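Participant: Sharing coords-v7.csv below, CSV, C-alpha atoms:
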chain,number,residue,atom,x,y,z
A,1,MET,CA,120.5,111.1,55.8
A,2,ASP,CA,119.6,107.6,54.9
A,3,ILE,CA,116.8,105.7,56.6
A,4,ILE,CA,119.1,103.6,58.8
A,5,GLU,CA,120.8,106.7,60.2
A,6,LYS,CA,117.5,108.3,61.0
A,7,LEU,CA,116.2,105.1,62.6
A,8,LYS,CA,119.3,105.0,64.8
A,9,GLU,CA,118.3,108.4,66.1
A,10,ALA,CA,114.9,107.0,67.0
A,11,PHE,CA,116.6,104.1,68.9
A,12,VAL,CA,118.7,106.6,70.8
A,13,GLU,CA,115.7,108.6,71.7
A,14,ALA,CA,114.0,105.5,73.1
A,15,TYR,CA,117.0,103.9,74.7
A,16,GLY,CA,119.6,106.6,75.3
A,17,ASP,CA,123.2,105.3,75.6
A,18,ASP,CA,122.0,101.8,76.5
A,19,ILE,CA,121.9,100.8,72.9
A,20,ASN,CA,124.9,99.9,70.7
A,21,LEU,CA,124.3,101.8,67.5
A,22,ASP,CA,127.2,100.2,65.6
A,23,SER,CA,125.3,96.9,65.9
A,24,ILE,CA,122.2,98.2,64.1
A,25,THR,CA,121.9,97.1,60.5
A,26,ALA,CA,118.9,96.1,58.3
A,27,ASP,CA,119.4,92.5,59.5
A,28,THR,CA,119.3,93.3,63.2
A,29,ASN,CA,116.6,91.5,65.1
A,30,LEU,CA,114.9,93.9,67.5
A,31,ARG,CA,114.0,91.4,70.2
A,32,GLU,CA,116.9,88.9,70.0
A,33,ASP,CA,119.8,91.3,69.1
A,34,LEU,CA,118.7,94.5,70.8
A,35,GLY,CA,116.6,93.0,73.6
A,36,LEU,CA,113.6,95.2,73.1
A,37,ASN,CA,110.6,94.4,75.2
A,38,SER,CA,107.0,95.3,74.5
A,39,ILE,CA,107.3,98.9,76.0
A,40,GLY,CA,110.6,99.2,74.1
A,41,MET,CA,108.9,98.3,70.8
A,42,LEU,CA,106.2,100.9,71.4
A,43,ALA,CA,108.6,103.6,72.5
A,44,VAL,CA,110.8,103.0,69.4
A,45,ALA,CA,107.7,103.0,67.2
A,46,LEU,CA,106.4,106.2,68.6
A,47,SER,CA,109.8,107.8,68.1
A,48,ILE,CA,109.9,106.6,64.5
A,49,GLU,CA,106.4,108.0,63.9
A,50,GLU,CA,107.5,111.4,65.0
A,51,LYS,CA,110.7,111.3,62.9
A,52,PHE,CA,109.1,109.9,59.7
A,53,GLY,CA,105.6,111.5,60.0
A,54,PHE,CA,103.3,108.6,59.7
A,55,LYS,CA,101.3,106.3,62.0
A,56,PHE,CA,101.9,102.6,62.6
A,57,ALA,CA,98.9,100.3,62.6
A,58,ASN,CA,98.9,97.6,65.3
A,59,ASP,CA,99.4,94.9,62.6
A,60,ASP,CA,102.5,96.8,61.3
A,61,ILE,CA,104.2,96.6,64.7
A,62,SER,CA,103.2,92.9,65.2
A,63,SER,CA,104.9,92.1,61.9
A,64,ILE,CA,108.2,93.7,62.8
A,65,ALA,CA,111.0,91.4,63.6
A,66,LYS,CA,114.1,93.0,62.0
A,67,VAL,CA,115.1,96.6,61.2
A,68,GLN,CA,114.5,95.8,57.5
A,69,ASP,CA,110.8,95.3,58.4
A,70,ILE,CA,110.6,98.8,59.8
A,71,ILE,CA,112.3,100.2,56.6
A,72,ASP,CA,109.7,98.4,54.5
A,73,ILE,CA,106.9,100.0,56.5
A,74,ILE,CA,108.5,103.4,56.2
A,75,ASN,CA,108.8,103.0,52.4
A,76,LYS,CA,105.2,101.8,52.2
A,77,ASN,CA,104.1,105.0,54.0
A,78,LYS,CA,106.2,107.4,52.0
B,1,MET,CA,86.0,110.7,70.7
B,2,PHE,CA,82.4,109.6,71.2
B,3,SER,CA,79.5,108.7,68.9
B,4,LYS,CA,76.2,110.3,69.7
B,5,VAL,CA,75.1,107.2,71.5
B,6,GLY,CA,78.4,107.0,73.3
B,7,TYR,CA,78.2,110.6,74.3
B,8,PHE,CA,74.8,110.1,75.8
B,9,PHE,CA,75.8,106.9,77.7
B,10,TYR,CA,79.1,108.4,78.9
B,11,HIS,CA,77.4,111.4,80.5
B,12,LEU,CA,74.5,109.2,81.9
B,13,ALA,CA,77.1,106.9,83.4
B,14,ARG,CA,79.0,109.9,84.9
B,15,LEU,CA,75.8,111.1,86.5
B,16,LEU,CA,74.8,107.7,87.8
B,17,SER,CA,78.2,107.0,89.2
B,18,ARG,CA,78.2,110.3,91.0
B,19,LEU,CA,74.8,109.5,92.5
B,20,VAL,CA,75.8,106.0,93.3
B,21,SER,CA,79.2,107.0,94.8
B,22,ASN,CA,77.6,109.7,96.9
B,23,GLY,CA,74.8,107.4,97.9
B,24,TYR,CA,77.0,104.5,98.9
B,25,GLY,CA,79.6,106.9,100.3
B,26,ILE,CA,83.2,107.4,99.3
B,27,THR,CA,85.9,109.0,101.3
B,28,ARG,CA,89.0,110.5,99.7
B,29,LEU,CA,92.0,110.8,101.9
B,30,ASP,CA,95.3,112.6,101.3
B,31,LEU,CA,98.6,111.2,102.6
B,32,ASN,CA,98.0,112.9,106.0
B,33,MET,CA,94.8,111.0,106.4
B,34,ASN,CA,92.8,114.2,105.9
B,35,GLU,CA,89.5,114.0,104.0
B,36,VAL,CA,89.7,116.2,100.9
B,37,LYS,CA,87.4,117.2,98.1
B,38,ASN,CA,88.8,117.3,94.6
B,39,LYS,CA,88.4,120.6,92.8
B,40,ASP,CA,91.1,120.3,90.1
B,41,THR,CA,90.1,119.9,86.6
B,42,HIS,CA,93.3,119.6,84.6
B,43,PRO,CA,93.9,116.2,82.9
B,44,VAL,CA,95.8,113.6,84.8
B,45,LEU,CA,96.6,109.9,84.6
B,46,ILE,CA,95.2,108.3,87.7
B,47,VAL,CA,97.1,105.1,88.5
B,48,ALA,CA,95.5,102.8,91.0
B,49,ASN,CA,95.3,99.2,92.1
B,50,HIS,CA,92.4,97.3,90.8
B,51,VAL,CA,90.1,95.3,93.1
B,52,SER,CA,86.6,95.4,91.6
B,53,PHE,CA,84.8,95.9,88.3
B,54,THR,CA,83.1,98.8,90.0
B,55,ASP,CA,86.4,100.7,90.4
B,56,PRO,CA,85.7,103.1,87.5
B,57,LEU,CA,82.3,103.9,89.0
B,58,PHE,CA,83.8,104.9,92.3
B,59,TYR,CA,86.7,106.8,90.7
B,60,THR,CA,84.3,108.8,88.5
B,61,GLY,CA,82.4,109.8,91.7
B,62,LEU,CA,85.7,110.5,93.4
B,63,PHE,CA,86.9,113.0,90.7
B,64,PRO,CA,83.6,114.7,89.9
B,65,LYS,CA,85.2,117.7,88.2
B,66,ARG,CA,87.3,115.6,85.9
B,67,GLN,CA,85.9,114.0,82.7
B,68,LEU,CA,87.2,110.6,83.5
B,69,MET,CA,87.8,107.8,81.0
B,70,TYR,CA,89.4,104.5,81.9
B,71,ILE,CA,91.5,101.8,80.3
B,72,ALA,CA,90.2,98.3,80.1
B,73,SER,CA,91.6,95.2,78.5
B,74,GLU,CA,90.1,94.0,75.2
B,75,LEU,CA,89.4,90.7,77.0
B,76,VAL,CA,87.2,92.4,79.6
B,77,ILE,CA,85.3,94.4,76.9
B,78,ASN,CA,84.7,91.3,74.8
B,79,ASP,CA,83.1,89.6,77.9
B,80,LYS,CA,80.3,87.0,77.2
B,81,ASN,CA,78.0,89.2,79.2
B,82,LYS,CA,76.7,91.5,76.4
B,83,LEU,CA,75.3,94.1,78.7
B,84,LYS,CA,78.6,94.5,80.5
B,85,SER,CA,80.3,94.7,77.2
B,86,PHE,CA,77.9,97.3,75.9
B,87,LEU,CA,78.2,99.4,79.1
B,88,LEU,CA,82.0,99.3,79.0
B,89,ILE,CA,82.1,100.4,75.3
B,90,HIS,CA,79.8,103.3,75.9
B,91,THR,CA,80.9,104.6,79.3
B,92,GLY,CA,84.2,106.1,78.6
B,93,CYS,CA,86.3,102.9,78.2
B,94,ILE,CA,89.4,102.9,76.1
B,95,ARG,CA,90.3,99.5,74.9
B,96,ILE,CA,93.9,98.3,75.2
B,97,ASN,CA,94.8,94.8,73.9
B,98,ARG,CA,97.6,93.6,76.2
B,99,ASN,CA,98.4,90.7,74.0
B,100,ILE,CA,99.7,92.8,71.1
B,101,TYR,CA,101.7,96.0,70.6
B,102,ASP,CA,98.6,98.1,70.9
B,103,ILE,CA,99.9,101.4,69.6
B,104,GLU,CA,96.5,102.4,68.4
B,105,GLY,CA,95.1,102.0,72.0
B,106,ILE,CA,98.0,104.1,73.4
B,107,ARG,CA,97.2,106.8,70.8
B,108,LYS,CA,93.5,106.8,71.7
B,109,ALA,CA,94.4,107.2,75.4
B,110,THR,CA,96.9,109.9,74.6
B,111,GLU,CA,94.4,111.8,72.5
B,112,ALA,CA,91.8,111.6,75.3
B,113,LEU,CA,94.3,113.1,77.8
B,114,LYS,CA,95.3,115.8,75.3
B,115,LYS,CA,91.6,116.7,74.8
B,116,GLY,CA,91.3,117.4,78.6
B,117,HIS,CA,90.0,114.0,79.8
B,118,SER,CA,91.6,112.4,82.8
B,119,VAL,CA,92.3,108.7,82.3
B,120,LEU,CA,92.2,105.9,85.0
B,121,ILE,CA,94.6,103.0,84.5
B,122,PHE,CA,95.2,99.9,86.5
B,123,PRO,CA,98.8,99.2,85.6
B,124,GLU,CA,99.2,95.9,87.4
B,125,GLY,CA,97.2,94.6,84.4
B,126,THR,CA,94.9,92.4,86.4
B,127,LEU,CA,92.0,92.5,88.8
B,128,HIS,CA,92.8,91.4,92.4
B,129,HIS,CA,89.6,89.4,93.2
B,130,GLU,CA,90.8,88.5,96.7
B,131,ASN,CA,90.9,92.1,97.7
B,132,SER,CA,94.6,91.5,98.2
B,133,GLU,CA,96.6,94.3,99.8
B,134,GLU,CA,99.8,93.3,97.9
B,135,LEU,CA,100.5,95.1,94.7
B,136,SER,CA,101.8,93.4,91.6
B,137,GLU,CA,104.7,95.0,89.7
B,138,ILE,CA,103.6,98.1,87.8
B,139,LYS,CA,104.1,97.9,84.1
B,140,SER,CA,105.8,100.8,82.4
B,141,GLY,CA,102.9,101.3,79.9
B,142,ALA,CA,101.4,103.9,82.3
B,143,ILE,CA,104.6,105.9,82.3
B,144,LEU,CA,104.8,105.8,78.5
B,145,LEU,CA,101.2,107.1,78.3
B,146,ALA,CA,101.8,110.0,80.7
B,147,VAL,CA,105.0,110.9,78.8
B,148,GLN,CA,103.2,110.9,75.4
B,149,ALA,CA,100.4,113.0,76.7
B,150,GLY,CA,102.6,115.3,78.9
B,151,VAL,CA,100.4,114.9,81.9
B,152,PRO,CA,101.1,114.3,85.6
B,153,ILE,CA,100.2,111.0,87.4
B,154,ILE,CA,98.0,110.7,90.5
B,155,PRO,CA,98.7,107.5,92.5
B,156,ALA,CA,95.8,106.0,94.4
B,157,TYR,CA,95.0,103.0,96.5
B,158,SER,CA,91.8,101.5,97.7
B,159,LEU,CA,90.3,98.2,98.7
B,160,LYS,CA,86.7,96.9,98.5
B,161,ARG,CA,84.4,97.9,101.3
B,162,LYS,CA,84.2,95.3,104.0
B,163,HIS,CA,80.4,95.8,104.4
B,164,TRP,CA,77.9,96.8,101.8
B,165,TYR,CA,76.9,99.7,103.9
B,166,GLY,CA,80.4,100.9,104.6
B,167,LYS,CA,82.2,103.8,102.9
B,168,ARG,CA,84.7,103.1,100.2
B,169,VAL,CA,88.0,104.7,101.2
B,170,VAL,CA,90.5,105.8,98.6
B,171,VAL,CA,93.9,107.3,99.5
B,172,VAL,CA,95.0,109.7,96.8
B,173,GLY,CA,98.7,110.7,96.6
B,174,GLU,CA,100.3,113.8,95.4
B,175,GLU,CA,100.8,114.5,91.7
B,176,PHE,CA,103.7,112.6,90.4
B,177,LYS,CA,105.6,114.5,87.6
B,178,ILE,CA,107.7,112.5,85.2
B,179,SER,CA,110.0,115.6,84.8
B,180,ASP,CA,111.1,115.1,88.4
B,181,TYR,CA,112.8,111.9,87.4
B,182,THR,CA,114.4,112.7,84.1
B,183,SER,CA,116.1,115.6,82.3
B,184,ARG,CA,114.9,114.4,78.9
B,185,LYS,CA,111.6,115.4,77.3
B,186,PHE,CA,110.9,111.7,76.6
B,187,PRO,CA,112.6,109.4,79.1
B,188,THR,CA,114.3,106.3,77.7
B,189,VAL,CA,112.9,102.8,78.3
B,190,PRO,CA,115.4,102.0,81.1
B,191,GLU,CA,114.4,105.3,82.7
B,192,MET,CA,110.8,104.4,82.4
B,193,ASP,CA,111.4,101.2,84.3
B,194,VAL,CA,113.0,103.3,87.1
B,195,ILE,CA,110.1,105.7,87.1
B,196,ALA,CA,107.6,102.9,87.2
B,197,SER,CA,109.4,101.6,90.4
B,198,ALA,CA,109.2,105.1,91.9
B,199,LEU,CA,105.5,105.2,91.1
B,200,MET,CA,105.0,101.9,92.7
B,201,ASN,CA,106.6,103.3,95.8
B,202,LYS,CA,104.1,106.2,95.7
B,203,ILE,CA,101.2,103.8,95.5
B,204,ASN,CA,102.7,101.8,98.4
B,205,GLU,CA,102.8,105.0,100.4
B,206,CYS,CA,99.0,105.4,99.7
B,207,ARG,CA,98.6,101.8,100.8
B,208,GLU,CA,100.4,102.4,104.1
B,209,VAL,CA,98.1,105.4,104.8
B,210,TYR,CA,95.1,103.3,103.9
B,211,GLU,CA,96.2,100.6,106.4
B,212,LYS,CA,96.9,103.1,109.1
B,213,TYR,CA,93.5,104.7,108.5
B,214,GLU,CA,91.7,101.3,108.7
B,215,GLU,CA,93.7,100.4,111.8
B,216,SER,CA,92.8,103.7,113.6
B,217,LYS,CA,89.2,103.3,112.5
B,218,ALA,CA,89.1,99.8,114.0
B,219,LYS,CA,90.4,101.3,117.2
B,220,GLY,CA,87.6,103.9,117.1
B,221,ASN,CA,89.9,106.8,116.8
B,222,THR,CA,88.5,108.4,113.7
Using structure tokens, write down the structure that the file contains.
Facilitator:
Amino acid sequence: MDIIEKLKEAFVEAYGDDINLDSITADTNLREDLGLNSIGMLAVALSIEEKFGFKFANDDISSIAKVQDIIDIINKNK
Amino acid sequence: MFSKVGYFFYHLARLLSRLVSNGYGITRLDLNMNEVKNKDTHPVLIVANHVSFTDPLFYTGLFPKRQLMYIASELVINDKNKLKSFLLIHTGCIRINRNIYDIEGIRKATEALKKGHSVLIFPEGTLHHENSEELSEIKSGAILLAVQAGVPIIPAYSLKRKHWYGKRVVVVGEEFKISDYTSRKFPTVPEMDVIASALMNKINECREVYEKYEESKAKGNT
């Protein structure tokens, strides 16, 4: 399973059916396109941590704007 | 969780707060206005309104069997008053920076709960200096924390004492279980917003009991 697909699972865990998975690509902006608020960002981050087995630093999360930024952090922590 | 200095100060602060709370007097009421003593020890997230910097002191005295820690904003901890700052850091305070996505703070609080501590949080995110009876909207961060740690929530409501010699009254609601509001292990963000509103209602129930108690006390019926 590629990273994007696994990330989509993390989004579903955090948002259930309220999120349009088809719209999620590497270029998707989390706040502007998906409407994530601060709790949403944290919930998604915690779900990603569990799926990918690493811990985000505060600076990591602050630097996230697009899905690609998450992918970069995941690759950095591999 | 604590350095040696932190451990010493944490337990010294617990002892002092129990002495001070008992000395000043504090009354814990349930939703039926009955005075109760807390005997439970299992970890819980205590969610309360915030009216005074001394709130953690009173809540530590109110839940003597629980190893209470509390969440404070980074801004409060970095106060210009160095003594206040020192005491906060060394008396069981978990820092959360509300201006960033503080996942490390959430993790520390979760870890404290999983290790058996109870945690006190003021989810309105601000101190009500005016002793206002109105509650601000509760933020879902408290729900996220309870979900991550898998602990129940205890709602509570209190106001400052009207006179320095009066007893501080705290109304403590029944345990609030997240699982009663969702079938999922981890509720979704929209569900967390709904649960936060339900929790707000529970704190308002405590507030109503508090007001009735104060009213009946004023009439001399208690």
Participant: Using all atoms listed in the file and a cut-off of 12 Å, which residues of chain A sit close to chain B? Please list them as a VMD selection string.
Facilitator: chain A and resid 10 to 19 35 to 47 49 to 50 55 to 64
Participant: Any idea what's packed within 9 Å of Asn77 (chain A), counting all atoms listed in the file, ignoring anything in its chain fewer than 4 positions away? Could you give it as a list in words?
Facilitator: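 Everything that qualifies: Gly53, Phe54, Lys55, Asp72 and Ile73 of chain A.
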Participant: Region 16-83 of chain B near region 211-222 of chain B within 10 Å: what's each residue's closest atom pair and its distance in Å to one decimal, counting only C-alpha atoms, ordered by chain then ascending residue number, as CSV?
Facilitator:
residue,atom,partner,partner_atom,distance
B:Leu29,CA,B:Tyr213,CA,9.1
B:Asn32,CA,B:Tyr213,CA,9.7
B:Met33,CA,B:Tyr213,CA,6.8
B:Asn34,CA,B:Tyr213,CA,9.9
Participant: What is the distance, in Å and to one decimal place, between CA of Leu21 (chain A) and CA of Ser183 (chain B)?
Facilitator: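 Interatomic distance, CA of Leu21 (chain A) to CA of Ser183 (chain B): 21.8 Å.
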Participant: So which residues are close to (112.4, 99.0, 59.9), meaning at most 10 Å away in the file's coordinates with all atoms listed in the file counted, and can you show them as a list of chain:residue names?
Facilitator: A:Ile3, A:Ile4, A:Leu7, A:Thr25, A:Ala26, A:Asp27, A:Thr28, A:Leu30, A:Ala45, A:Ile48, A:Ile61, A:Ile64, A:Ala65, A:Lys66, A:Val67, A:Gln68, A:Asp69, A:Ile70, A:Ile71, A:Asp72, A:Ile73, A:Ile74, A:Asn75
Participant: Just how far from CA of Ala146 (chain B) is CA of Ile24 (chain A), in Å to one decimal?
Facilitator: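 About the pair CA of Ile24 (chain A) and CA of Ala146 (chain B): they are 28.8 Å apart.
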Participant: At what distance in Å, to one decimal, does CA of Gln67 (chain B) lie from CA of Tyr181 (chain B)?
Facilitator: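 If I compute the distance from CA of Tyr181 (chain B) to CA of Gln67 (chain B), I get 27.4 Å.
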Participant: Using only C-alpha atoms, find the one residue out of B:Gly116, B:Gly173, B:Gly92, B:Pro123 that sits nearest to Ala156 (chain B).
Facilitator: B:Gly173
Participant: Could you check the closest approach to Phe176 (chain B) for each of B:Leu45, B:Asn81, B:Leu57, B:Cys206 and tell me which residue wins, using all atoms listed in the file?
Facilitator: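 Counting all atoms listed in the file, the residue closest to Phe176 (chain B) is B:Leu45.
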